Amino acid sequence: MDKAYNHKDVEEKLYNFWEKSGYFKPDSDTKKQPYSMVLPPPNVTGTLHIGHALMLVIQDILIRYHRMKGFRTLWVPGTDHAAIATQSKVEGILYKEEEKTRFDLGREEFLKRVEAFAQTSHDTIVNQIRRIGASVDWEREAYTLDTERNFAVRTAFVRMFQDGLIYRGDTIVNWDPKMKTTVSDDEIEWKEEQVPFYYLQYGPFVIATARPETKFGDKYVVMHPKDSRYLKYKHGEKIEVEWINGKVTATIIKDDAVDMKFGTGVMTITPWHDRTDFEIATRHTLDMEQVIDFNAQLLPIAGDLAGQHIKKARPLIVERLREKGLVVKVDEKYVHRIAINYRGGGVIEPQIKKQWMVNVNKSFTMQHSSMQGIKDGDSVTLKQLMKHAVSSGQIAITPQHFIKTYYHWIDNLRDWCISRQIWYGHRIPVWYKGEKMHVGTDAPEGEGWEQDQDTLDTWFSSGLWTFSTLGWPKETKDLRDFHPTSVLETGYDILFFWVARMILMSTYLLGEVPFRQVLLHGLVRDANKQKMSKSKGNVIDPLEISEKYGTDALRIALIYSTAAGNDIPMSEDKVRGMKFFANKLWNIGRFIEMKRGDLSADDVQAVENIWELRNFATHETDKEIIEEAEKLIEGVTEHIASFRLHEAAQLLYQFVWHTFADTYIEDVKTRLDAKSYVVLHSLFLQQLRLLHPFMPFITEEIYQTLPGKKSIPSLMIAPWPTVAELPHNA
RNA sequence: GGAGCUAUAGCUCAGCUGGUUAGAGCGUUUCAUUGACAUUGAAAAGGUCAGUGGUUCGAGUCCACUUAGCUCCACCA
């Protein structure tokens with residue numbers, strides 16, 4: 001063995017060796033118990049960051065452990081087209097490099113650009129996944145927007161439509177005038193901004209607003225029914241008021257959505273551009289009028305200000321109100337929260353628009369269910385399904401406290417808007433011809449049909465991921481063998497976006513849970529507990545780190561000292577420490593290799609089973625180390641089985657370095673004979689196996705380099721150590 | 001407004017179902033060694049486990065309250 005471990009020479013070589021040997025594919029022995037996972041597909045918007053590395057490492061540890069345990073493991077890789085995120089990225093580049101918008105190129109040409117970008121990203125990402133050492137089955141790689149997944153999406157849409165769960169209707173949506181699309185509530189980022197807050201005279205009332213540009217059409221004035229200050233005004237009463245562009249007739253509305261303590265307790269409403277106002281207007285069947293168009297410009301209702309962008313119009317309106325003496329007071333220090341599309345950066349302007357929606361509260365008849373507690377023919381809602389899957393214990397969530405958060409989210413869930421006015425994504429499988437509409441997996445026969453222009457929310461397709469990757473809606477063998485999947489491991493930040501939607505889709509479409517266990521990890525932060533971001537310049541690039549210290553050092557550093565679900569402070573120091581550990585491991589290997597030569601005992605065989613090793617113990621310390629090693633095996637196994645990977649890693653680190661190397665080797669090195677050599681060598685091989693899921697490259701390299709016959713060609717498929725002989729039928 | 005998390009050594013964190021003297025990494029101090037490994041070894045200093053009260057034979061661990069920090073959800077015109 002070389003004096004130092006050189007990860008650069010080893011990693012690529014070993015990964016190719018593993019892949020070529022077919023170890024990433026499920027074992028052909030179908031009698032083995034299956035263990036399956038899908039990789040949360042990274043967005044094809046660029047490159048992988050350290051959070052992705054963490055996710056890959058945790059999942060790879062689980063997969064490698066179960067593979068060695070004798071399960072028939074499958075880990076399906078893939079990438080996500082991330083509709084709006086990818087499109088917005090390409091639009092940004094397009095504008096920067098050519099000063100063009102997507103409308104300049106047209107749908108077809110623009111999509112070609114996006115696809116080219118996505119392909120490049122995809123290639124980078126795949127390469128990065130390999131570098132981390134992830135033992136995924138590349139033959140089953142999927143893309144959320146490929147042909148097979150598109151068929152799954154269309155099938156799902158049609159099924160939901162036929163069950164009356166998808167409808168098209170006028171709703172108030174979050175409109176991004178910059179990207180020209182709706183975005184979901186979850187895609188909004190709130191930003192605080194200090195703006196002037198205007199108190200305006202509105203007839204006998206004073207109303208308050210931060211957005212005077214929406215106020216042109218306001219003809220309803222709303223107050224709380226119990227507000228003693230305004231009891232003399234009756235619901236439905238009409239009054240004449242002087243307003244921005246002259247006199248209007250206002251109607252008094254009483255509604256308890258009004259907060260009596262806020263402002264003056266009176267407000268005028270703009271139902272077309274505000275969710276709360278929209279809801280009030282819906283309750284009292286009031287008129288709704290659009291004031292701002294989809295480019296964020298004022299409509300003719302604004303009189304001579306029509307056509308102005310709202311940002312420019314605001315000061316002009318305030319000026320006019322001032323002239324008319326309608327401005328009572330201005331609070332300059334008001335903190336207003338504005339909604340921003342966090343994918344594209346546009347300021348959200350609520351609008352009423354026709355959208356495709358999923359009704360989460362509508363009862364439908366369950367066609368097929370293999371879930372406990374829900375039978376075929378039961379009447380349920382999607383919300384109930386989502387809740388039931390977890391409350392019945394058919395899906396476990398680790399850490400447990402996220403269960404409460406999950407329920408809380410479901411309770412507050414509104415209908416899910418699934419249409420997007422962007423081009424990159426799954427086109428909605430609906431066709432129109434005059435007044436006629438066709439909903440189906442394929443275009444209808446005949447001339448003149450035109451497909452809906454909108455595409456689907458990206459989460460609609462990723463919601464199908466656990467089974468669309470296995471071939472659904474075809475009844476494939478993979479689907480039978482590997483669904484429900486065993487574990488879904490992902491960051492807690494997408495519990496709602498993604499995990500909840502997978503539960504919705506799987507319980508509804510398949511009548512079974514998508515996975516039995518949800519395992520959530522935290523955010524990787526920098527050494528100062530700051531979120532990593534490009535603008536802060538504190539981003540740690542996983543590939544750079546793995547290049548410098550070795551992938552194994554990065555892997556174990558990522559999971560070493562943090563409990564599941566907690567955020568992880570990451571520093572280079574930590575990785576460096578783990579590189580030292582890798583070096584220690586390497587040198588134990590060198591020592592063992594060297595001593596075998598000293599003993600000129602090339603026929604000394606390693607003992608496979610630890611319980612047979614006691615026959616070779618000649619000293620008290622030999623017995624002790626065997627006992628300790630047994631405890632290690634039990635401890636590591638138990639910790640991994642309970643998802644305490646950090647505990648398992650800590651046990652291994654302590655044992656290998658401080659018990660095995662510092663204590664036992666120091667003791668045995670002066671009295672080494674053929675018998676104690678067997679103990680030394682065999683125990684080390686056990687440790688390599690236990691460490692292999694955590695540090696696959698160096699353990700495999702040492703294993704391959706150590707002298708002696710190998711009955712097993714790779715650590716990847718070596719049996720996981722146990723402390724006692726198992727009955728043969730187990 | 002609603003919900004959740006965190007508080008343990010100088011720093012970053014472990015501590016699973018309550019059970020001897022509370023652990024690790026990094027950092028600090030002292031000593032040793034070119035021996036598989038200076039990417040080393042031996043040792044040391046450093047903690048009223050945020051505070052108060054409770055349950056218990058026994059609490060870092062369970063319960064209540066207080067304080068401080070963080071996060072998520074909803075959202076006020």
# chains A, B, ... in the order shown; residues from 1 in each chain; ligands from 1
>>> interface_residues(of="chain A", to="chain B", cutoff="7 Å", atoms="only C-alpha atoms (C1' of nucleotides)", output="list in words")
Ala208, Thr209, Phe262, Met267, Ser561, Thr562, Phe580, Asn583, Lys584, Asn587, Ile588, Arg590 and Phe591 of chain A
>>> select_by_dssp(residues="stretch 106-320 of chain A", states="strand (DSSP E)", output="ChimeraX atom specification")
/A:142-143,166-176,181-183,188-202,205-209,220-223,238-243,246-254,266-268
>>> closest_atom_pairs(of="stretch 119-233 of chain A", to="stretch 447-469 of chain A", cutoff="8 Å", atoms="only C-alpha atoms", output="Markdown table")
| residue | atom | partner | partner_atom | distance |
| --- | --- | --- | --- | --- |
| A:Arg140 | CA | A:Thr469 | CA | 7.6 |
| A:Glu141 | CA | A:Thr469 | CA | 7.9 |
| A:Ala142 | CA | A:Thr469 | CA | 6.2 |
| A:Thr144 | CA | A:Ser461 | CA | 6.3 |
| A:Leu145 | CA | A:Ser461 | CA | 7.9 |
| A:Glu148 | CA | A:Ser468 | CA | 7.7 |
| A:Arg149 | CA | A:Ser468 | CA | 5.9 |
| A:Ala152 | CA | A:Ser468 | CA | 6.1 |
| A:Val153 | CA | A:Ser461 | CA | 5.9 |
>>> write_last_selection(atoms="N, CA and C atoms", output="tab-separated table (two decimals), in the first residue's frame")
chain	number	residue	atom	x	y	z
A	140	ARG	N	-32.57	2.88	-14.26
A	140	ARG	CA	-33.95	3.29	-14.03
A	140	ARG	C	-34.08	4.81	-13.91
A	141	GLU	N	-33.07	5.52	-14.32
A	141	GLU	CA	-33.11	6.98	-14.19
A	141	GLU	C	-34.34	7.58	-14.88
A	142	ALA	N	-34.94	8.56	-14.23
A	142	ALA	CA	-36.15	9.18	-14.77
A	142	ALA	C	-36.05	10.70	-14.74
A	144	THR	N	-38.75	14.16	-14.59
A	144	THR	CA	-40.17	14.44	-14.33
A	144	THR	C	-40.92	14.87	-15.60
A	145	LEU	N	-40.17	15.18	-16.66
A	145	LEU	CA	-40.83	15.66	-17.88
A	145	LEU	C	-40.57	14.73	-19.08
A	148	GLU	N	-42.50	8.93	-20.41
A	148	GLU	CA	-43.24	8.06	-19.49
A	148	GLU	C	-43.90	8.84	-18.37
A	149	ARG	N	-43.17	9.79	-17.81
A	149	ARG	CA	-43.71	10.58	-16.72
A	149	ARG	C	-44.83	11.48	-17.23
A	152	ALA	N	-47.93	9.48	-17.26
A	152	ALA	CA	-48.44	9.35	-15.89
A	152	ALA	C	-49.19	10.62	-15.48
A	153	VAL	N	-48.62	11.75	-15.81
A	153	VAL	CA	-49.23	13.03	-15.44
A	153	VAL	C	-50.60	13.18	-16.11
>>> select_by_dssp(residues="stretch 433-656 of chain A", states="helix (DSSP H, G or I)", output="PyMOL selection string")
chain A and resi 458-462+465-468+477-482+492-509+542-549+551-560+572-599+610-616+620-641+645-656
>>> write_last_selection(atoms="C-alpha atoms", output="CSV table (one decimal), in the first residue's frame")
chain,number,residue,atom,x,y,z
A,458,THR,CA,-44.3,21.2,-11.1
A,459,TRP,CA,-45.4,19.6,-7.9
A,460,PHE,CA,-48.2,17.9,-9.8
A,461,SER,CA,-45.7,15.7,-11.6
A,462,SER,CA,-43.3,15.3,-8.7
A,465,TRP,CA,-42.6,10.4,-8.3
A,466,THR,CA,-42.6,7.3,-6.1
A,467,PHE,CA,-44.7,5.4,-8.6
A,468,SER,CA,-44.3,7.2,-12.0
A,477,LYS,CA,-43.2,-5.7,-12.0
A,478,ASP,CA,-41.2,-2.8,-10.4
A,479,LEU,CA,-44.4,-1.3,-9.2
A,480,ARG,CA,-45.5,-4.6,-7.6
A,481,ASP,CA,-42.0,-5.3,-6.1
A,482,PHE,CA,-41.0,-1.9,-4.9
A,492,TYR,CA,-37.9,19.4,6.1
A,493,ASP,CA,-38.3,22.5,4.0
A,494,ILE,CA,-40.2,20.6,1.3
A,495,LEU,CA,-42.5,18.6,3.7
A,496,PHE,CA,-45.5,20.5,2.4
A,497,PHE,CA,-44.5,21.2,-1.2
A,498,TRP,CA,-43.6,17.7,-2.0
A,499,VAL,CA,-44.1,15.1,0.7
A,500,ALA,CA,-47.7,16.0,1.3
A,501,ARG,CA,-48.5,16.0,-2.4
A,502,MET,CA,-46.9,12.6,-2.9
A,503,ILE,CA,-49.1,11.3,-0.1
A,504,LEU,CA,-52.1,12.9,-1.8
A,505,MET,CA,-51.4,11.5,-5.2
A,506,SER,CA,-50.4,8.0,-4.1
A,507,THR,CA,-53.3,7.4,-1.7
A,508,TYR,CA,-55.7,8.7,-4.3
A,509,LEU,CA,-54.4,7.1,-7.4
A,542,PRO,CA,-19.4,19.8,-2.2
A,543,LEU,CA,-17.2,18.9,-5.1
A,544,GLU,CA,-14.5,21.3,-4.2
A,545,ILE,CA,-14.4,19.9,-0.8
A,546,SER,CA,-14.4,16.3,-1.9
A,547,GLU,CA,-11.7,17.1,-4.4
A,548,LYS,CA,-9.6,18.5,-1.6
A,549,TYR,CA,-10.3,16.1,1.3
A,551,THR,CA,-15.5,12.2,-0.8
A,552,ASP,CA,-15.4,9.9,2.3
A,553,ALA,CA,-14.2,12.7,4.5
A,554,LEU,CA,-17.0,14.9,3.2
A,555,ARG,CA,-19.6,12.1,3.7
A,556,ILE,CA,-18.9,11.3,7.2
A,557,ALA,CA,-18.4,15.0,8.2
A,558,LEU,CA,-21.8,15.7,6.9
A,559,ILE,CA,-23.6,13.3,9.1
A,560,TYR,CA,-21.1,13.0,12.0
A,572,GLU,CA,-14.0,22.8,6.4
A,573,ASP,CA,-12.3,22.0,9.7
A,574,LYS,CA,-14.8,19.3,10.3
A,575,VAL,CA,-14.0,17.7,6.9
A,576,ARG,CA,-10.3,18.1,7.5
A,577,GLY,CA,-10.7,16.2,10.8
A,578,MET,CA,-12.4,13.4,8.9
A,579,LYS,CA,-9.6,13.3,6.4
A,580,PHE,CA,-7.3,12.6,9.3
A,581,PHE,CA,-9.6,9.8,10.3
A,582,ALA,CA,-9.5,8.4,6.8
A,583,ASN,CA,-5.7,8.5,7.0
A,584,LYS,CA,-5.8,6.7,10.3
A,585,LEU,CA,-7.9,4.0,8.7
A,586,TRP,CA,-5.5,3.7,5.8
A,587,ASN,CA,-2.5,3.3,8.1
A,588,ILE,CA,-4.2,0.6,10.1
A,589,GLY,CA,-4.5,-1.2,6.8
A,590,ARG,CA,-0.8,-0.6,6.0
A,591,PHE,CA,0.1,-1.9,9.4
A,592,ILE,CA,-1.9,-5.1,8.9
A,593,GLU,CA,-0.5,-5.6,5.5
A,594,MET,CA,3.1,-5.1,6.7
A,595,LYS,CA,2.8,-7.4,9.7
A,596,ARG,CA,1.5,-10.2,7.6
A,597,GLY,CA,4.8,-10.1,5.8
A,598,ASP,CA,6.7,-10.1,9.1
A,599,LEU,CA,4.9,-13.2,10.2
A,610,ILE,CA,-16.9,-12.8,15.1
A,611,TRP,CA,-18.3,-15.5,17.4
A,612,GLU,CA,-15.6,-17.9,16.0
A,613,LEU,CA,-12.9,-15.5,16.8
A,614,ARG,CA,-12.7,-16.3,20.5
A,615,ASN,CA,-10.8,-19.5,19.5
A,616,PHE,CA,-7.9,-17.3,18.5
A,620,GLU,CA,-7.0,-11.0,28.0
A,621,THR,CA,-6.9,-8.0,25.7
A,622,ASP,CA,-7.8,-10.2,22.7
A,623,LYS,CA,-10.9,-11.3,24.5
A,624,GLU,CA,-11.7,-7.7,25.5
A,625,ILE,CA,-11.4,-6.3,22.0
A,626,ILE,CA,-13.6,-9.1,20.6
A,627,GLU,CA,-16.2,-8.2,23.2
A,628,GLU,CA,-15.9,-4.5,22.5
A,629,ALA,CA,-16.2,-5.2,18.8
A,630,GLU,CA,-19.4,-7.2,19.3
A,631,LYS,CA,-20.8,-4.2,21.2
A,632,LEU,CA,-19.8,-2.0,18.3
A,633,ILE,CA,-21.6,-4.2,15.8
A,634,GLU,CA,-24.8,-4.1,17.9
A,635,GLY,CA,-24.5,-0.4,18.6
A,636,VAL,CA,-23.9,0.6,15.0
A,637,THR,CA,-26.7,-1.7,13.7
A,638,GLU,CA,-29.2,-0.4,16.2
A,639,HIS,CA,-28.4,3.2,15.5
A,640,ILE,CA,-28.7,2.9,11.7
A,641,ALA,CA,-31.9,1.0,12.1
A,645,LEU,CA,-26.6,7.8,11.7
A,646,HIS,CA,-24.6,10.4,13.6
A,647,GLU,CA,-24.5,8.1,16.6
A,648,ALA,CA,-23.4,5.2,14.5
A,649,ALA,CA,-20.7,7.2,12.9
A,650,GLN,CA,-19.5,8.5,16.3
A,651,LEU,CA,-19.3,4.9,17.7
A,652,LEU,CA,-17.2,3.8,14.7
A,653,TYR,CA,-14.9,6.8,14.8
A,654,GLN,CA,-14.2,6.3,18.5
A,655,PHE,CA,-13.8,2.5,18.2
A,656,VAL,CA,-11.5,2.5,15.2
>>> residues_around(residues="stretch 46-51 of chain B", least_positions_apart="5", cutoff="12 Å", atoms="only C-alpha atoms (C1' of nucleotides)", output="short mmCIF file (atom, residue, chain, number, x, y, z; two decimals) with N, CA, C and O atoms (P, O5', C5', C4', C3', O3' and C1' of nucleotides), in the first residue's frame")
data_model
loop_
_atom_site.label_atom_id
_atom_site.label_comp_id
_atom_site.auth_asym_id
_atom_site.auth_seq_id
_atom_site.Cartn_x
_atom_site.Cartn_y
_atom_site.Cartn_z
P U B 6 -35.82 20.58 20.31
"O5'" U B 6 -34.75 21.74 20.45
"C5'" U B 6 -33.60 21.77 19.60
"C4'" U B 6 -32.85 23.06 19.81
"C3'" U B 6 -32.35 23.31 21.23
"O3'" U B 6 -31.16 22.60 21.49
"C1'" U B 6 -33.34 25.28 20.39
P A B 7 -30.90 22.12 23.00
"O5'" A B 7 -30.38 23.46 23.70
"C5'" A B 7 -29.21 24.13 23.22
"C4'" A B 7 -29.08 25.46 23.94
"C3'" A B 7 -28.72 25.33 25.42
"O3'" A B 7 -27.65 26.24 25.74
"C1'" A B 7 -30.70 26.61 25.16
P U B 8 -26.16 25.83 25.46
"O5'" U B 8 -26.00 24.52 26.34
"C5'" U B 8 -25.89 24.62 27.75
"C4'" U B 8 -25.17 23.41 28.29
"C3'" U B 8 -23.80 23.17 27.67
"O3'" U B 8 -22.81 23.97 28.28
"C1'" U B 8 -25.01 21.15 27.66
P A B 9 -21.68 24.55 27.40
"O5'" A B 9 -20.36 23.92 28.01
"C5'" A B 9 -19.69 24.54 29.10
"C4'" A B 9 -18.19 24.34 28.94
"C3'" A B 9 -17.61 25.01 27.71
"O3'" A B 9 -16.60 25.93 28.08
"C1'" A B 9 -16.92 22.75 27.88
P G B 10 -16.65 27.24 28.64
"O5'" G B 10 -16.12 28.05 27.38
"C5'" G B 10 -16.07 29.47 27.38
"C4'" G B 10 -15.45 29.91 26.09
"C3'" G B 10 -16.16 29.39 24.84
"O3'" G B 10 -17.16 30.29 24.42
"C1'" G B 10 -13.85 28.86 24.72
P G B 15 -28.59 13.39 20.25
"O5'" G B 15 -28.27 12.76 21.68
"C5'" G B 15 -27.77 11.43 21.77
"C4'" G B 15 -27.32 11.17 23.18
"C3'" G B 15 -28.36 11.45 24.26
"O3'" G B 15 -29.29 10.40 24.39
"C1'" G B 15 -26.31 12.42 24.88
P A B 22 -19.95 13.57 35.95
"O5'" A B 22 -19.80 13.10 34.43
"C5'" A B 22 -20.59 12.04 33.89
"C4'" A B 22 -21.15 12.45 32.55
"C3'" A B 22 -20.12 13.07 31.60
"O3'" A B 22 -19.54 12.04 30.84
"C1'" A B 22 -22.10 14.39 31.66
P G B 23 -18.07 11.57 31.16
"O5'" G B 23 -17.47 11.22 29.73
"C5'" G B 23 -17.05 12.25 28.89
"C4'" G B 23 -17.54 11.98 27.49
"C3'" G B 23 -16.81 12.75 26.42
"O3'" G B 23 -15.60 12.09 26.07
"C1'" G B 23 -19.12 12.99 26.10
P G B 27 -7.23 22.13 16.18
"O5'" G B 27 -7.52 23.28 17.25
"C5'" G B 27 -7.77 24.61 16.81
"C4'" G B 27 -8.12 25.48 17.99
"C3'" G B 27 -7.07 25.50 19.10
"O3'" G B 27 -6.01 26.39 18.81
"C1'" G B 27 -9.22 25.20 20.04
P U B 28 -4.54 26.01 19.33
"O5'" U B 28 -4.68 26.18 20.91
"C5'" U B 28 -4.97 27.45 21.46
"C4'" U B 28 -5.03 27.35 22.97
"C3'" U B 28 -3.82 26.68 23.62
"O3'" U B 28 -2.73 27.57 23.76
"C1'" U B 28 -5.82 25.82 24.56
P U B 29 -1.24 26.99 23.54
"O5'" U B 29 -0.98 26.24 24.92
"C5'" U B 29 -0.96 26.97 26.14
"C4'" U B 29 -0.75 26.03 27.29
"C3'" U B 29 0.39 25.03 27.12
"O3'" U B 29 1.64 25.60 27.41
"C1'" U B 29 -1.54 23.90 27.90
P A B 59 -32.97 13.75 40.84
"O5'" A B 59 -32.87 13.21 39.32
"C5'" A B 59 -31.61 13.05 38.65
"C4'" A B 59 -31.69 13.73 37.30
"C3'" A B 59 -31.76 15.25 37.34
"O3'" A B 59 -31.10 15.80 36.22
"C1'" A B 59 -33.70 14.38 36.31
P G B 60 -29.52 16.07 36.31
"O5'" G B 60 -29.24 16.76 34.90
"C5'" G B 60 -29.72 18.08 34.63
"C4'" G B 60 -29.91 18.27 33.16
"C3'" G B 60 -31.12 17.54 32.57
"O3'" G B 60 -32.26 18.33 32.66
"C1'" G B 60 -29.19 17.09 31.26
P U B 61 -33.69 17.67 32.89
"O5'" U B 61 -33.81 16.56 31.75
"C5'" U B 61 -34.06 16.92 30.38
"C4'" U B 61 -34.09 15.68 29.54
"C3'" U B 61 -35.30 14.78 29.78
"O3'" U B 61 -35.88 14.39 28.55
"C1'" U B 61 -33.27 13.55 30.08
P C B 65 -47.03 26.02 30.70
"O5'" C B 65 -46.27 27.16 31.51
"C5'" C B 65 -46.99 28.01 32.41
"C4'" C B 65 -46.04 28.72 33.33
"C3'" C B 65 -45.06 29.67 32.65
"O3'" C B 65 -45.63 30.93 32.35
"C1'" C B 65 -43.90 28.34 34.21
P U B 66 -45.08 31.75 31.10
"O5'" U B 66 -43.66 32.24 31.63
"C5'" U B 66 -43.59 33.15 32.73
"C4'" U B 66 -42.15 33.44 33.06
"C3'" U B 66 -41.30 33.92 31.89
"O3'" U B 66 -41.47 35.30 31.64
"C1'" U B 66 -40.12 32.24 33.07
P U B 67 -41.30 35.85 30.16
"O5'" U B 67 -39.73 35.77 29.94
"C5'" U B 67 -38.85 36.55 30.73
"C4'" U B 67 -37.41 36.19 30.45
"C3'" U B 67 -37.01 36.21 28.98
"O3'" U B 67 -36.73 37.53 28.53
"C1'" U B 67 -36.21 34.22 29.96
P A B 68 -37.02 37.92 27.01
"O5'" A B 68 -35.83 37.19 26.24
"C5'" A B 68 -34.49 37.63 26.41
"C4'" A B 68 -33.54 36.66 25.74
"C3'" A B 68 -33.80 36.42 24.26
"O3'" A B 68 -33.27 37.44 23.44
"C1'" A B 68 -33.45 34.36 25.35
P G B 69 -33.99 37.77 22.03
"O5'" G B 69 -33.54 36.55 21.12
"C5'" G B 69 -32.20 36.49 20.63
"C4'" G B 69 -31.93 35.14 20.03
"C3'" G B 69 -32.75 34.79 18.79
"O3'" G B 69 -32.28 35.42 17.62
"C1'" G B 69 -32.71 32.94 20.25
#
>>> atom_distance(atom1="atom CA of A:Met570", atom2="atom CA of A:Gly46")
21.8 Å
>>> residues_around(residues="A:Lys709", least_positions_apart="2", cutoff="12 Å", atoms="only C-alpha atoms (C1' of nucleotides)", output="list in words")
Asp602, Asp603, Val604, Gln605, Ala606, Val607, Tyr703, Gln704, Thr705, Leu706, Pro707, Ser711, Ile712 and Pro713 of chain A
>>> atom_distance(atom1="atom CA of A:Phe364", atom2="atom CA of A:Ile280")
28.7 Å
